[in-house]
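Colleague: Mind having a look at this structure? Questions to follow.
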Amino acid sequence: MKILIIGDIHIGESRESTSQPGIVRQANTQAEETLSALIPLFNTLHFDVVVHTGDSLSDTQVKETDAANITKTLDLLNKISVPKIHLVGNHELRAFSLNELTDVYKNAGIEPNFFGVQEFQDFRIIWLDMELNEDNHAFLPPERIEWLKSLPVNSKPTLVFSHYSLVPIDVSGTFYFEDQPQNMYLGNARAVVEALKHLNPQLCINGHVHLLTHQKLGDTHYISTPSFTENITAEKFPDNNPGIFSILDVDSNRFIFTTYSGEFCFSKIQGRL
């Protein structure tokens, strides 16, 4: 099975980092053009599914602008000719209520389903939504935890996708989260992991943190995939961002998680299932 994983596209206006004042490190204004240029490549790679991990925009709190930027992302992803799974990110939830966001997706010709389970021939994919509390901290709704507990066990390996991490990540030296590690993972992450335990997930993959990370806890691999628009050359070269995405190749025995900057591979994580 081959999965394209892409997220934190953050189409919008580039602005200073809130965690590192004076530094611009996201090529937001180039994101639409960069993604558009990659669509022909994606259509040659014969994916089984695309997982969009959320944060399609850099929110402005101007609803017309934010809706237009989400729609740009969705229109481009629609040009990839395989099924898609769309997750919701914190930037979407900061810009819109869930009902408003649903309307944005429907206006783009997509019937949104921000959480769910889908059976493939050899795998099962579960994807999770989330909510933000009054402090903008993310958590999985209690009814979703009960839904997870109700899912039946089967013999297929299980892959789980979420916007926030389900486990804490070492924050030392990180660009966005060194002073706020709790914003990297769901506030009730421990309860989520417990609710998933009977399903024995082999891989849990998240976006949001703009880092490539990997850790194995028990039998489960936890991977964070980098942001599409993160520009590690920073403000000196704001246009130098060819687009970052990951490809997951997985069978019943092993996985290979390869991350690309444009057409060039720069990271590879391999593991046994």
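In the structure tokens, the first chain shown is A, the next is B, and so on; residue numbers restart at 1 for each chain, and ligands run from 1 in the order shown.
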So which residues touch segment 50-61 of chain A within 8 Å, counting only C-alpha atoms, skipping near sequence neighbours fewer than 5 positions away, as a ChimeraX atom specification?
Modeller: /A:3-13,28,66,69-70,73,82-92,94-95,161-163,206-208
Colleague: Give me a file of those residues, with C-alpha atoms, as a PDB file, in the first residue's frame.
Modeller:
```pdb
ATOM      1  CA  ILE A   3       0.004   6.553   0.877  1.00  0.00           C
ATOM      2  CA  LEU A   4       0.778  10.208   0.175  1.00  0.00           C
ATOM      3  CA  ILE A   5       0.856  12.142   3.446  1.00  0.00           C
ATOM      4  CA  ILE A   6       0.727  15.907   3.138  1.00  0.00           C
ATOM      5  CA  GLY A   7      -0.288  18.586   5.588  1.00  0.00           C
ATOM      6  CA  ASP A   8       0.375  21.916   7.247  1.00  0.00           C
ATOM      7  CA  ILE A   9       0.235  23.455   3.790  1.00  0.00           C
ATOM      8  CA  HIS A  10      -0.671  26.803   5.346  1.00  0.00           C
ATOM      9  CA  ILE A  11      -1.668  28.740   2.250  1.00  0.00           C
ATOM     10  CA  GLY A  12      -1.870  32.436   3.156  1.00  0.00           C
ATOM     11  CA  GLU A  13       0.329  35.388   3.999  1.00  0.00           C
ATOM     12  CA  ASN A  28       2.984  30.579   2.947  1.00  0.00           C
ATOM     13  CA  ASP A  66      -9.657  31.951   5.167  1.00  0.00           C
ATOM     14  CA  ASN A  69      -7.339  29.713   1.160  1.00  0.00           C
ATOM     15  CA  ILE A  70      -8.828  26.431   2.359  1.00  0.00           C
ATOM     16  CA  THR A  73      -5.811  23.718  -0.992  1.00  0.00           C
ATOM     17  CA  VAL A  82      -7.046   8.889  -5.881  1.00  0.00           C
ATOM     18  CA  PRO A  83      -9.302   8.880  -2.788  1.00  0.00           C
ATOM     19  CA  LYS A  84      -8.526  11.429  -0.061  1.00  0.00           C
ATOM     20  CA  ILE A  85      -8.874  11.501   3.699  1.00  0.00           C
ATOM     21  CA  HIS A  86      -9.061  15.019   5.168  1.00  0.00           C
ATOM     22  CA  LEU A  87      -8.241  15.776   8.789  1.00  0.00           C
ATOM     23  CA  VAL A  88      -9.056  19.021  10.541  1.00  0.00           C
ATOM     24  CA  GLY A  89      -6.253  21.142  12.010  1.00  0.00           C
ATOM     25  CA  ASN A  90      -6.091  23.800  14.682  1.00  0.00           C
ATOM     26  CA  HIS A  91      -5.823  26.588  12.088  1.00  0.00           C
ATOM     27  CA  GLU A  92      -9.130  25.553  10.538  1.00  0.00           C
ATOM     28  CA  ARG A  94      -9.391  28.815  14.918  1.00  0.00           C
ATOM     29  CA  ALA A  95     -10.908  30.281  11.751  1.00  0.00           C
ATOM     30  CA  PHE A 161      -3.781   9.514  11.574  1.00  0.00           C
ATOM     31  CA  SER A 162      -4.263  12.590  13.745  1.00  0.00           C
ATOM     32  CA  HIS A 163      -3.367  16.260  13.473  1.00  0.00           C
ATOM     33  CA  ASN A 206       0.480  13.136  12.934  1.00  0.00           C
ATOM     34  CA  GLY A 207       1.155  16.563  11.467  1.00  0.00           C
ATOM     35  CA  HIS A 208       1.073  19.896  13.331  1.00  0.00           C
TER      36      HIS A 208
END
```
Colleague: Got a sec to tell me which of segment 18-161 of chain A DSSP assigns to strand (DSSP E or B), as a PyMOL selection string?
Modeller: chain A and resi 26+49-52+57+84-86+116-119+124-127+131-132+138-139+158-161
Colleague: For Met184 of chain A, please output as an MDAnalysis selection string all residues within 12 Å (counting only C-alpha atoms; exclusion window: fewer than 2 positions along the same chain).
Modeller: chainID A and resid 90 136:139 162:171 174:182 186:189 206:211 213 224
Colleague: Would you output that residue set with C-alpha atoms, as a PDB file, in the first residue's frame?
Modeller:
```pdb
ATOM      1  CA  ASN A  90      -6.091  23.800  14.682  1.00  0.00           C
ATOM      2  CA  ASN A 136      -6.876  26.837  22.283  1.00  0.00           C
ATOM      3  CA  HIS A 137      -5.630  23.501  23.599  1.00  0.00           C
ATOM      4  CA  ALA A 138      -6.648  20.537  21.453  1.00  0.00           C
ATOM      5  CA  PHE A 139      -8.399  17.413  22.677  1.00  0.00           C
ATOM      6  CA  SER A 162      -4.263  12.590  13.745  1.00  0.00           C
ATOM      7  CA  HIS A 163      -3.367  16.260  13.473  1.00  0.00           C
ATOM      8  CA  TYR A 164      -1.774  16.537  16.925  1.00  0.00           C
ATOM      9  CA  SER A 165       0.586  13.906  18.265  1.00  0.00           C
ATOM     10  CA  LEU A 166      -0.820  11.180  20.492  1.00  0.00           C
ATOM     11  CA  VAL A 167       2.356  11.050  22.594  1.00  0.00           C
ATOM     12  CA  PRO A 168       4.732  13.662  24.058  1.00  0.00           C
ATOM     13  CA  ILE A 169       7.712  14.622  21.891  1.00  0.00           C
ATOM     14  CA  ASP A 170      11.082  15.914  23.084  1.00  0.00           C
ATOM     15  CA  VAL A 171      10.831  19.690  22.660  1.00  0.00           C
ATOM     16  CA  THR A 174      12.299  22.914  18.606  1.00  0.00           C
ATOM     17  CA  PHE A 175      11.338  26.076  16.728  1.00  0.00           C
ATOM     18  CA  TYR A 176       7.687  26.402  17.742  1.00  0.00           C
ATOM     19  CA  PHE A 177       7.147  24.384  20.901  1.00  0.00           C
ATOM     20  CA  GLU A 178      10.182  24.529  23.174  1.00  0.00           C
ATOM     21  CA  ASP A 179       8.304  26.741  25.655  1.00  0.00           C
ATOM     22  CA  GLN A 180       4.897  25.097  25.170  1.00  0.00           C
ATOM     23  CA  PRO A 181       5.340  21.312  24.870  1.00  0.00           C
ATOM     24  CA  GLN A 182       1.708  20.690  25.802  1.00  0.00           C
ATOM     25  CA  LEU A 186      -3.667  16.185  22.464  1.00  0.00           C
ATOM     26  CA  GLY A 187      -4.593  17.259  25.967  1.00  0.00           C
ATOM     27  CA  ASN A 188      -6.268  13.888  26.573  1.00  0.00           C
ATOM     28  CA  ALA A 189      -3.719  11.926  24.547  1.00  0.00           C
ATOM     29  CA  ASN A 206       0.480  13.136  12.934  1.00  0.00           C
ATOM     30  CA  GLY A 207       1.155  16.563  11.467  1.00  0.00           C
ATOM     31  CA  HIS A 208       1.073  19.896  13.331  1.00  0.00           C
ATOM     32  CA  VAL A 209       4.496  19.965  14.966  1.00  0.00           C
ATOM     33  CA  HIS A 210       6.371  20.798  11.711  1.00  0.00           C
ATOM     34  CA  LEU A 211       9.027  18.255  12.696  1.00  0.00           C
ATOM     35  CA  THR A 213      10.070  12.637  14.567  1.00  0.00           C
ATOM     36  CA  SER A 224       5.345  13.198  13.005  1.00  0.00           C
TER      37      SER A 224
END
```
Colleague: So how many Å separate atom CA of Ser252 of chain A and atom CA of Glu119 of chain A, to one decimal?
Modeller: 14.3 Å
Colleague: Tell me which of A:Val104, A:Ile244, A:Leu199, A:Val117 sits closest to Leu74 of chain A, counting only C-alpha atoms.
Modeller: A:Val104
Colleague: Could you tell me how far atom CA of Ser246 of chain A lies from atom CA of Phe228 of chain A, in Å and to one decimal?
Modeller: 9.2 Å
Colleague: With a distance cut-off of 10 Å and only C-alpha atoms, select the neighbouring residues of Val153 of chain A, excluding the residue or stretch itself and same-chain residues fewer than 4 positions from it, and output the selection as a PDB file with C-alpha atoms, in the first residue's frame.
Modeller:
```
ATOM      1  CA  LYS A 149     -13.467   1.893  22.189  1.00  0.00           C
ATOM      2  CA  THR A 158      -4.192  -0.577  11.807  1.00  0.00           C
ATOM      3  CA  HIS A 198      -7.379  -3.016  21.920  1.00  0.00           C
ATOM      4  CA  LEU A 199      -6.858  -2.262  18.210  1.00  0.00           C
ATOM      5  CA  ASN A 200      -3.078  -2.631  18.541  1.00  0.00           C
TER       6      ASN A 200
END
```
Colleague: Give me the residues within 12 Å of Glu33 of chain A as a PyMOL selection string, counting only C-alpha atoms and dropping any in the same chain fewer than 3 places off.
Modeller: chain A and resi 9+11-12+27-30+36-39+72-73+76+229+239+241-243
Colleague: Closest to Cys204 of chain A among A:Pro142, A:Asn183, A:Leu128, A:Arg254, using only C-alpha atoms?
Modeller: A:Leu128
Colleague: So that I can check the surroundings of Ala195 of chain A, please list as a VMD selection string every protein, DNA and RNA residue that reaches within 7 Å of it, counting only C-alpha atoms and ignoring chain neighbours fewer than 2 positions away.
Modeller: chain A and resid 145 148 to 149 191 to 193 197
Colleague: Got a sec: who's within 10 Å of Asp251 of chain A, counting only C-alpha atoms, leaving out chain neighbours fewer than 6 positions off, as a PyMOL selection string?
Modeller: chain A and resi 1-2+122-123+157+272-273
Colleague: Output the selection as a PDB file, in the first residue's frame - N, CA and C atoms for each residue.
Modeller:
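The new file selection-v8.pdb reads:
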```
ATOM      1  N   MET A   1       0.851  -1.188   0.000  1.00  0.00           N
ATOM      2  CA  MET A   1       0.000   0.000   0.000  1.00  0.00           C
ATOM      3  C   MET A   1       0.885   1.237   0.000  1.00  0.00           C
ATOM      4  N   LYS A   2       0.514   2.225  -0.809  1.00  0.00           N
ATOM      5  CA  LYS A   2       1.305   3.451  -0.924  1.00  0.00           C
ATOM      6  C   LYS A   2       0.402   4.640  -0.599  1.00  0.00           C
ATOM      7  N   ASP A 122      -5.685  -4.754   2.706  1.00  0.00           N
ATOM      8  CA  ASP A 122      -4.765  -5.350   3.677  1.00  0.00           C
ATOM      9  C   ASP A 122      -4.602  -4.522   4.942  1.00  0.00           C
ATOM     10  N   PHE A 123      -5.251  -3.354   5.017  1.00  0.00           N
ATOM     11  CA  PHE A 123      -5.050  -2.456   6.148  1.00  0.00           C
ATOM     12  C   PHE A 123      -6.354  -1.801   6.547  1.00  0.00           C
ATOM     13  N   PRO A 157      -3.600  -4.968   9.948  1.00  0.00           N
ATOM     14  CA  PRO A 157      -2.829  -3.926  10.626  1.00  0.00           C
ATOM     15  C   PRO A 157      -3.580  -2.595  10.588  1.00  0.00           C
ATOM     16  N   ARG A 272       9.740  -2.592  11.347  1.00  0.00           N
ATOM     17  CA  ARG A 272       8.987  -3.836  11.234  1.00  0.00           C
ATOM     18  C   ARG A 272       7.650  -3.667  11.934  1.00  0.00           C
ATOM     19  N   LEU A 273       6.642  -4.332  11.377  1.00  0.00           N
ATOM     20  CA  LEU A 273       5.310  -4.308  11.984  1.00  0.00           C
ATOM     21  C   LEU A 273       5.042  -5.636  12.693  1.00  0.00           C
TER      22      LEU A 273
END
```
Colleague: To one decimal place, how far is atom CA of Ser14 of chain A from atom CA of Gln26 of chain A in Å?
Modeller: 6.3 Å
